[in-house]
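Text of coords-v1.cif (mmCIF, C-alpha atoms) as supplied:
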data_start
#
loop_
_atom_site.group_PDB
_atom_site.id
_atom_site.type_symbol
_atom_site.label_atom_id
_atom_site.label_comp_id
_atom_site.auth_asym_id
_atom_site.auth_seq_id
_atom_site.Cartn_x
_atom_site.Cartn_y
_atom_site.Cartn_z
ATOM 1 C CA MET A 701 185.279 94.135 120.009
ATOM 2 C CA LYS A 702 186.055 94.685 123.691
ATOM 3 C CA LYS A 703 185.654 90.955 124.368
ATOM 4 C CA VAL A 704 188.100 90.082 121.584
ATOM 5 C CA ILE A 705 190.665 92.563 122.888
ATOM 6 C CA LEU A 706 190.233 91.347 126.459
ATOM 7 C CA THR A 707 190.578 87.743 125.325
ATOM 8 C CA ILE A 708 193.776 88.534 123.410
ATOM 9 C CA VAL A 709 195.219 90.441 126.389
ATOM 10 C CA PHE A 710 194.319 87.568 128.725
ATOM 11 C CA LEU A 711 195.906 84.969 126.411
ATOM 12 C CA PHE A 712 199.050 87.066 125.965
ATOM 13 C CA THR A 713 199.364 87.611 129.721
ATOM 14 C CA SER A 714 198.877 83.892 130.382
ATOM 15 C CA VAL A 715 201.614 82.956 127.894
ATOM 16 C CA VAL A 716 204.054 85.464 129.397
ATOM 17 C CA ILE A 717 203.357 84.265 132.954
ATOM 18 C CA PHE A 718 203.704 80.618 131.933
ATOM 19 C CA ALA A 719 206.999 81.348 130.119
ATOM 20 C CA GLN A 720 208.386 83.181 133.162
ATOM 21 C CA SER A 721 207.354 80.315 135.437
ATOM 22 C CA ALA A 722 209.007 77.769 133.128
ATOM 23 C CA GLN A 723 212.199 79.876 133.008
ATOM 24 C CA LYS A 724 212.227 80.102 136.804
ATOM 25 C CA ASP A 725 211.788 76.312 137.097
ATOM 26 C CA ASP A 726 214.616 75.746 134.586
ATOM 27 C CA LYS A 727 216.888 78.062 136.609
ATOM 28 C CA ILE A 728 216.071 76.214 139.853
ATOM 29 C CA ILE A 729 216.825 72.863 138.171
ATOM 30 C CA GLU A 730 220.167 74.142 136.859
ATOM 31 C CA ASP A 731 221.117 75.707 140.226
ATOM 32 C CA SER A 732 220.188 72.444 141.957
ATOM 33 C CA LYS A 733 222.510 70.446 139.703
ATOM 34 C CA GLU A 734 225.337 72.847 140.556
ATOM 35 C CA ALA A 735 224.531 72.600 144.285
ATOM 36 C CA LYS A 736 224.583 68.793 144.125
ATOM 37 C CA ALA A 737 228.013 68.903 142.455
ATOM 38 C CA GLU A 738 229.256 71.256 145.201
ATOM 39 C CA PHE A 739 227.926 68.978 147.964
ATOM 40 C CA LEU A 740 229.703 66.029 146.325
ATOM 41 C CA GLU A 741 232.887 68.062 145.943
ATOM 42 C CA ASP A 742 232.839 68.801 149.691
ATOM 43 C CA ASP A 743 231.944 65.202 150.578
ATOM 44 C CA PRO A 744 232.288 62.584 147.814
ATOM 45 C CA ASP A 745 230.871 59.942 150.198
ATOM 46 C CA MET A 746 227.520 61.743 150.034
ATOM 47 C CA GLN A 747 226.979 59.989 146.688
ATOM 48 C CA GLU A 748 225.951 56.940 148.745
ATOM 49 C CA LEU A 749 223.047 58.933 150.240
ATOM 50 C CA PHE A 750 222.017 60.263 146.833
ATOM 51 C CA SER A 751 222.013 56.674 145.543
ATOM 52 C CA SER A 752 220.475 54.839 148.503
ATOM 53 C CA SER A 753 217.840 57.286 149.788
ATOM 54 C CA HIS A 754 214.319 56.827 148.495
ATOM 55 C CA ALA A 755 214.135 60.512 147.579
ATOM 56 C CA TYR A 756 215.798 63.861 148.181
ATOM 57 C CA ILE A 757 215.244 67.557 147.683
ATOM 58 C CA ILE A 758 217.920 70.111 146.901
ATOM 59 C CA LEU A 759 217.435 73.774 147.775
ATOM 60 C CA PRO A 760 220.349 75.507 146.021
ATOM 61 C CA ASN A 761 219.864 79.068 147.308
ATOM 62 C CA VAL A 762 218.312 79.554 150.714
ATOM 63 C CA GLY A 763 218.357 83.103 152.045
ATOM 64 C CA LYS A 764 218.321 83.569 155.809
ATOM 65 C CA GLY A 765 218.329 86.693 157.936
ATOM 66 C CA GLY A 766 217.261 87.991 161.275
ATOM 67 C CA LEU A 767 217.574 90.328 164.187
ATOM 68 C CA GLY A 768 215.712 88.815 167.143
ATOM 69 C CA ILE A 769 213.125 87.317 164.825
ATOM 70 C CA GLY A 770 214.402 85.694 161.683
ATOM 71 C CA GLY A 771 213.347 83.834 158.655
ATOM 72 C CA ALA A 772 214.600 81.901 155.679
ATOM 73 C CA SER A 773 213.200 80.691 152.402
ATOM 74 C CA GLY A 774 214.304 78.908 149.296
ATOM 75 C CA ASN A 775 213.107 76.959 146.277
ATOM 76 C CA GLY A 776 214.437 73.655 145.037
ATOM 77 C CA VAL A 777 213.769 70.413 143.248
ATOM 78 C CA ALA A 778 212.494 67.036 144.412
ATOM 79 C CA TYR A 779 213.819 63.703 143.170
ATOM 80 C CA GLU A 780 212.262 60.310 143.827
ATOM 81 C CA GLU A 781 214.250 57.203 142.973
ATOM 82 C CA GLY A 782 216.619 59.395 140.944
ATOM 83 C CA GLU A 783 213.912 61.048 138.816
ATOM 84 C CA LEU A 784 212.961 64.733 139.010
ATOM 85 C CA ILE A 785 209.301 64.743 140.023
ATOM 86 C CA GLY A 786 208.627 68.247 141.264
ATOM 87 C CA PHE A 787 209.609 71.348 143.139
ATOM 88 C CA ALA A 788 210.000 72.221 146.804
ATOM 89 C CA ARG A 789 209.586 75.470 148.702
ATOM 90 C CA MET A 790 211.014 75.848 152.194
ATOM 91 C CA THR A 791 210.143 78.582 154.673
ATOM 92 C CA GLN A 792 211.532 78.997 158.165
ATOM 93 C CA LEU A 793 210.744 81.197 161.125
ATOM 94 C CA THR A 794 213.065 81.511 164.131
ATOM 95 C CA ILE A 795 212.920 83.387 167.420
ATOM 96 C CA GLY A 796 215.854 84.038 169.729
ATOM 97 C CA PHE A 797 219.263 85.674 169.696
ATOM 98 C CA GLN A 798 220.222 86.130 166.053
ATOM 99 C CA ALA A 799 221.782 88.810 163.917
ATOM 100 C CA GLY A 800 222.961 88.822 160.343
ATOM 101 C CA GLY A 801 222.270 87.233 157.039
ATOM 102 C CA GLN A 802 223.402 84.136 155.224
ATOM 103 C CA VAL A 803 222.949 82.228 151.978
ATOM 104 C CA TYR A 804 223.278 78.464 151.937
ATOM 105 C CA SER A 805 222.332 75.315 150.051
ATOM 106 C CA GLU A 806 220.408 72.486 151.684
ATOM 107 C CA VAL A 807 219.788 68.872 150.746
ATOM 108 C CA VAL A 808 217.160 66.786 152.533
ATOM 109 C CA PHE A 809 217.310 62.999 152.154
ATOM 110 C CA PHE A 810 214.247 60.828 152.740
ATOM 111 C CA GLU A 811 215.015 57.329 153.948
ATOM 112 C CA ASP A 812 211.879 55.641 152.632
ATOM 113 C CA LYS A 813 208.612 56.150 150.757
ATOM 114 C CA LYS A 814 206.674 56.822 153.964
ATOM 115 C CA ALA A 815 208.910 59.763 154.909
ATOM 116 C CA PHE A 816 208.801 61.152 151.363
ATOM 117 C CA ASP A 817 205.020 60.804 151.165
ATOM 118 C CA ARG A 818 204.771 63.040 154.257
ATOM 119 C CA PHE A 819 206.773 65.642 152.340
ATOM 120 C CA ARG A 820 204.623 65.314 149.207
ATOM 121 C CA GLU A 821 201.497 65.801 151.327
ATOM 122 C CA ASN A 822 203.082 68.983 152.756
ATOM 123 C CA LYS A 823 203.268 67.420 156.209
ATOM 124 C CA VAL A 824 207.021 67.735 156.754
ATOM 125 C CA GLU A 825 207.965 70.319 159.321
ATOM 126 C CA MET A 826 211.409 70.119 160.840
ATOM 127 C CA SER A 827 211.979 71.606 164.237
ATOM 128 C CA ALA A 828 215.140 72.390 166.153
ATOM 129 C CA GLN A 829 215.347 68.707 167.121
ATOM 130 C CA VAL A 830 216.174 67.776 163.506
ATOM 131 C CA SER A 831 219.522 69.439 163.064
ATOM 132 C CA ALA A 832 221.351 69.908 159.810
ATOM 133 C CA VAL A 833 224.872 68.630 159.341
ATOM 134 C CA ALA A 834 227.389 70.939 157.688
ATOM 135 C CA ALA A 835 228.650 69.339 154.501
ATOM 136 C CA ALA A 836 232.327 68.439 154.856
ATOM 137 C CA SER A 837 234.529 65.572 153.840
ATOM 138 C CA GLY A 838 233.256 62.404 155.532
ATOM 139 C CA ALA A 839 230.263 64.074 157.207
ATOM 140 C CA SER A 840 227.799 61.860 155.375
ATOM 141 C CA LEU A 841 229.476 58.649 156.591
ATOM 142 C CA ASN A 842 227.970 59.165 160.042
ATOM 143 C CA ALA A 843 224.613 60.490 158.842
ATOM 144 C CA LYS A 844 221.616 59.382 160.865
ATOM 145 C CA TYR A 845 218.030 59.665 159.706
ATOM 146 C CA VAL A 846 215.697 61.276 162.245
ATOM 147 C CA ASP A 847 212.064 60.376 161.546
ATOM 148 C CA GLY A 848 213.164 59.227 158.087
ATOM 149 C CA VAL A 849 214.938 62.502 157.222
ATOM 150 C CA ALA A 850 218.621 63.543 157.069
ATOM 151 C CA VAL A 851 219.602 67.158 156.344
ATOM 152 C CA PHE A 852 222.873 68.689 155.129
ATOM 153 C CA THR A 853 223.708 72.346 154.554
ATOM 154 C CA ARG A 854 226.504 74.113 152.748
ATOM 155 C CA THR A 855 227.189 77.796 153.495
ATOM 156 C CA LYS A 856 227.620 79.954 150.409
ATOM 157 C CA GLY A 857 228.123 83.360 152.003
ATOM 158 C CA GLY A 858 227.242 85.805 154.745
ATOM 159 C CA LEU A 859 227.573 85.724 158.484
ATOM 160 C CA MET A 860 224.879 84.799 160.971
ATOM 161 C CA TYR A 861 225.115 84.641 164.753
ATOM 162 C CA GLU A 862 222.329 82.501 166.059
ATOM 163 C CA ALA A 863 220.988 80.833 169.177
ATOM 164 C CA SER A 864 217.375 80.457 168.232
ATOM 165 C CA VAL A 865 214.472 78.060 168.085
ATOM 166 C CA GLY A 866 212.312 77.584 165.047
ATOM 167 C CA GLY A 867 211.375 75.235 162.300
ATOM 168 C CA GLN A 868 211.275 74.677 158.589
ATOM 169 C CA GLN A 869 208.120 73.991 156.644
ATOM 170 C CA PHE A 870 208.087 72.487 153.155
ATOM 171 C CA LYS A 871 205.616 72.675 150.290
ATOM 172 C CA PHE A 872 205.661 70.346 147.287
ATOM 173 C CA ARG A 873 204.572 71.132 143.711
ATOM 174 C CA SER A 874 204.535 68.458 141.020
ATOM 175 C CA LYS A 875 206.491 69.287 137.859
ATOM 176 C CA ASP A 876 203.416 68.544 135.719
#
Would it be possible to restate this file's structure as structure tokens?
Amino acid sequence: MKKVILTIVFLFTSVVIFAQSAQKDDKIIEDSKEAKAEFLEDDPDMQELFSSSHAYIILPNVGKGGLGIGGASGNGVAYEEGELIGFARMTQLTIGFQAGGQVYSEVVFFEDKKAFDRFRENKVEMSAQVSAVAAASGASLNAKYVDGVAVFTRTKGGLMYEASVGGQQFKFRSKD
């Protein structure tokens, strides 16, 4: 009888966890669609990057904060050749003069399959040398890929003073 009860509890727990995970993924997908629309509202020319890049990831809600040592993290979606193929997680650690907190959206464009494959293999780490461009009207017209990657951010709220060094690390999870 104990085995039956334990099996039922295990199955119920598994279903609940799976349902919560699916709901979280659905929320990230929906938030990413809204973030893409906001990027395009700020810079309609960015549509060319969405159309011409081999792949891109959108992180709709990245939280960042620090006081001396800082960090950021966010979840998003990955698209390859226009099709949603998985999910992305970004973490960042920074050291230097910094104080405050901020929420922003980020889109990372991958110029070609080789650059995107590095991301899928969890080998993409962006350092201070790969700087993000603030999304604004016309900003994407002068976009340059650095090592096959171009990054844009859009501030959503908060205030952060920062002169720091650090890097972002990405993890990929297939939607299947």
Nearest candidate to A:Gly776 (options A:Ile729, A:Gly857, A:Ser751, A:Ala737; using all atoms listed in the file):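 For A:Gly776, the nearest of the candidates is A:Ile729.
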Result set of the PyMOL selection byres ((chain A and resi 847) around 10) on the coordinates above, as a VMD selection string: chain A and resid 810 to 811 814 to 815 826 830 844 to 846 848 to 850
For A:Arg818, the nearest of the candidates A:Lys871, A:Asp742, A:Lys736, A:Gly782, counting only C-alpha atoms: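 For A:Arg818, the nearest of the candidates is A:Lys871.
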Computed interatomic separation between atom CA of A:Gln869 and atom CA of A:Val851 (Å): 13.4 Å
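Ranking A:Leu759, A:Asp745, A:Gly768, A:Ile728 by their shortest atom-to-atom distance to A:Leu793, with all atoms listed in the file included, puts A:Gly768 first.
Note that the spacing between atom CA of A:Arg873 and atom CA of A:Tyr779 amounts to 11.9 Å.
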Atom-to-atom span, atom CA of A:Gly765 and atom CA of A:Phe819, Å: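 Answer for the atom CA of A:Gly765 to atom CA of A:Phe819 separation: 24.7 Å.
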Please produce, as a Markdown table, a per-residue contact table for stretch 720-783 of chain A versus stretch 801-808 of chain A (criterion: any atom at most 6 Å away, all atoms listed in the file considered), showing the nearest atom pair and its distance in Å to one decimal, sorted by chain then residue number.
| residue | atom | partner | partner_atom | distance |
| --- | --- | --- | --- | --- |
| A:Tyr756 | CA | A:Val808 | CA | 5.4 |
| A:Ile757 | CA | A:Val808 | CA | 5.3 |
| A:Ile758 | CA | A:Val807 | CA | 4.5 |
| A:Leu759 | CA | A:Glu806 | CA | 5.1 |
| A:Pro760 | CA | A:Ser805 | CA | 4.5 |
| A:Asn761 | CA | A:Ser805 | CA | 5.3 |
| A:Val762 | CA | A:Tyr804 | CA | 5.2 |
| A:Gly763 | CA | A:Val803 | CA | 4.7 |
| A:Lys764 | CA | A:Gln802 | CA | 5.1 |
| A:Gly765 | CA | A:Gly801 | CA | 4.1 |
Would you export the selected residues with C-alpha atoms as a short mmCIF file (atom, residue, chain, number, x, y, z; two decimals), in the coordinates of the input, please?
data_model
loop_
_atom_site.label_atom_id
_atom_site.label_comp_id
_atom_site.auth_asym_id
_atom_site.auth_seq_id
_atom_site.Cartn_x
_atom_site.Cartn_y
_atom_site.Cartn_z
CA TYR A 756 215.80 63.86 148.18
CA ILE A 757 215.24 67.56 147.68
CA ILE A 758 217.92 70.11 146.90
CA LEU A 759 217.44 73.77 147.78
CA PRO A 760 220.35 75.51 146.02
CA ASN A 761 219.86 79.07 147.31
CA VAL A 762 218.31 79.55 150.71
CA GLY A 763 218.36 83.10 152.04
CA LYS A 764 218.32 83.57 155.81
CA GLY A 765 218.33 86.69 157.94
#
Selection under test: the PyMOL selection byres ((chain A and resi 788) around 6); residues as a ChimeraX atom specification: /A:775-777,787,789,871-872
Restrict the selected residues to C-alpha atoms and save them as a tab-separated table (two decimals), in the frame of the given file.
chain	number	residue	atom	x	y	z
A	775	ASN	CA	213.11	76.96	146.28
A	776	GLY	CA	214.44	73.66	145.04
A	777	VAL	CA	213.77	70.41	143.25
A	787	PHE	CA	209.61	71.35	143.14
A	789	ARG	CA	209.59	75.47	148.70
A	871	LYS	CA	205.62	72.68	150.29
A	872	PHE	CA	205.66	70.35	147.29
Proximity to A:Met790 - best of A:Phe870, A:His754, A:Asp876, A:Gly770, all atoms listed in the file: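 Of all the options, A:Phe870 lies closest to A:Met790.
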Output check: residues returned by the PyMOL selection byres ((chain A and resi 766) around 6), as a list of chain:residue names: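 Checking the PyMOL selection byres ((chain A and resi 766) around 6) against this file, the residues are A:Gly765, A:Leu767, A:Ile769, A:Gly770, A:Gln798, A:Ala799, A:Gly800.
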Restricted to C-alpha atoms, what would the selected residues look like written as a CSV table (one decimal), in the frame of the given file?
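Below you can see selection18.csv, which holds the result:
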chain,number,residue,atom,x,y,z
A,765,GLY,CA,218.3,86.7,157.9
A,767,LEU,CA,217.6,90.3,164.2
A,769,ILE,CA,213.1,87.3,164.8
A,770,GLY,CA,214.4,85.7,161.7
A,798,GLN,CA,220.2,86.1,166.1
A,799,ALA,CA,221.8,88.8,163.9
A,800,GLY,CA,223.0,88.8,160.3
